Amino acid sequence: MVHLFRTSLGVMALALAALGAGGGAHAANGPFLAHQALYDLSLVKSRSNSINSARGRILYNFAGSACEGYTSEFRQVSELDSGEGKITLSDLRSNSWEDAAGKSYRFKIETRMNETEAGLVDGSAERDGDHINVKLKLPAPKNFTLDGKIVFPTEQIQRIIAAAKDGKSLLELSVYDGSDDGQKVYNTLTVIGQPIPPDRTASPDPSTSDEHMKSLTRWPVTVSYFDREAQQKEGEQTPVYAMSFELYENGVSRQLMLDYNDFVISGAMGKFDVKDSKPCN
């Protein structure tokens with residue numbers, strides 16, 4: 001079950017990812033909104049009947065600027081009931097910082113299962129020419145290099161928004177976020193739908209009624225995450241998991257859907273607060 005609750009700091013990302021991470025120093029995309037969002041989790045479907053019910057919450061904080069870099073704080077608490085009294089409680093916490101140019105990335109990730117410590121990851125990554133140097137403190141000291149074409153989570157979101165504004169419907173990126181044991185790289189395929197105008201909202205939530213959001217365009221986005229190592233060895237094309245959401249042009253995400261293959265969880269925004277941010281001098 002630990003495998004199912006890995007983190008993806010881009011949609012944090014949103015949530016991780018995937019979940020409203022702003023990013024990018026590219027002025028064409030405009031400023032990204034510092035905010036806090038709370039998502040209420042519930043079970044949508046169980047394809048293998050292995051999960052009877054699921055509930056939980058995601059709390060996401062995003063702050064920073066193009067001058068000082070961007071910080072993300074993420075916590076996901078989930079309770080899965082697989083029947084016959086078998087309940088799994090997962091508590092995932094992550095903190096990260098990424099500079100606006102996508103050159104430096106620092107991360108700390110803690111995963112607890114059933115109130116027992118299941119894993120700690122602590123490390124940093126620095127882009128150096130055509131490669132990336134990664135230094136891990138936990139789970140064990142280790143240094144290694146990655147392909148320089150790989151992006152970090154906030155740059156991933158920035159590129160998705162840039163592609164959406166350019167009218168593109170597909171985007172392929174390799175992403176490193178420090179999840180699992182700190183050595184995993186994911187190949188991602190992002191599918192971007194048609195833009196949704198500000199005046200069209202089928203299901204309102206706290207973001208759609210906020211004054212900062214009412215004039216903004218958003219796009220339906222689905223990001224599928226593939227194990228890069230498995231793809232290279234076996235040509236495997238089945239995603240490890242996928243995340244769907246509506247992405248605003250300022251980096252905020254709503255209508256979250258987490259697909260773990262065996263089951264699908266929705267994340268409805270229950271609270272949304274805009275935070276003060278310091279402008280660049």
# chains A, B, ... in the order shown; residues from 1 in each chain; ligands from 1

$ closest_atom_pairs --of "region 16-112 of chain A" --to "region 181-196 of chain A" --cutoff "12 Å" --atoms "only C-alpha atoms" --output "Markdown table"
| residue | atom | partner | partner_atom | distance |
| --- | --- | --- | --- | --- |
| A:Ala18 | CA | A:Thr190 | CA | 11.9 |
| A:Arg106 | CA | A:Gly182 | CA | 11.2 |
| A:Phe107 | CA | A:Gly182 | CA | 9.3 |
| A:Lys108 | CA | A:Gly182 | CA | 9.6 |
| A:Ile109 | CA | A:Gly182 | CA | 9.1 |
| A:Glu110 | CA | A:Asp181 | CA | 10.7 |
| A:Thr111 | CA | A:Asp181 | CA | 10.9 |

$ residues_around --residues "region 240-248 of chain A" --least-positions-apart "2" --cutoff "7 Å" --atoms "only C-alpha atoms" --output "PyMOL selection string"
chain A and resi 216-227+238+250-261

$ residues_around --residues "Ala37 (chain A)" --least-positions-apart "6" --cutoff "10 Å" --atoms "only C-alpha atoms" --output "list in words"
Leu19, Gly20, Ile58, Leu59, Tyr60, Asn61, Phe62, Phe74, Pro206, Ser207, Val252, Ser253, Arg254, Met269, Gly270, Lys271, Phe272, Asp273 and Val274 of chain A

$ atom_distance --atom1 "CA of Ser90 (chain A)" --atom2 "CA of Glu115 (chain A)"
7.7 Å

$ atom_distance --atom1 "CA of Lys135 (chain A)" --atom2 "CA of Tyr105 (chain A)"
10.6 Å

$ atom_distance --atom1 "CA of Lys278 (chain A)" --atom2 "CA of Glu68 (chain A)"
9.2 Å

$ closest_residue --among "A:Gly178, A:Asn95, A:Glu84, A:Thr145" --to "Gly123 (chain A)" --atoms "only C-alpha atoms"
A:Gly178
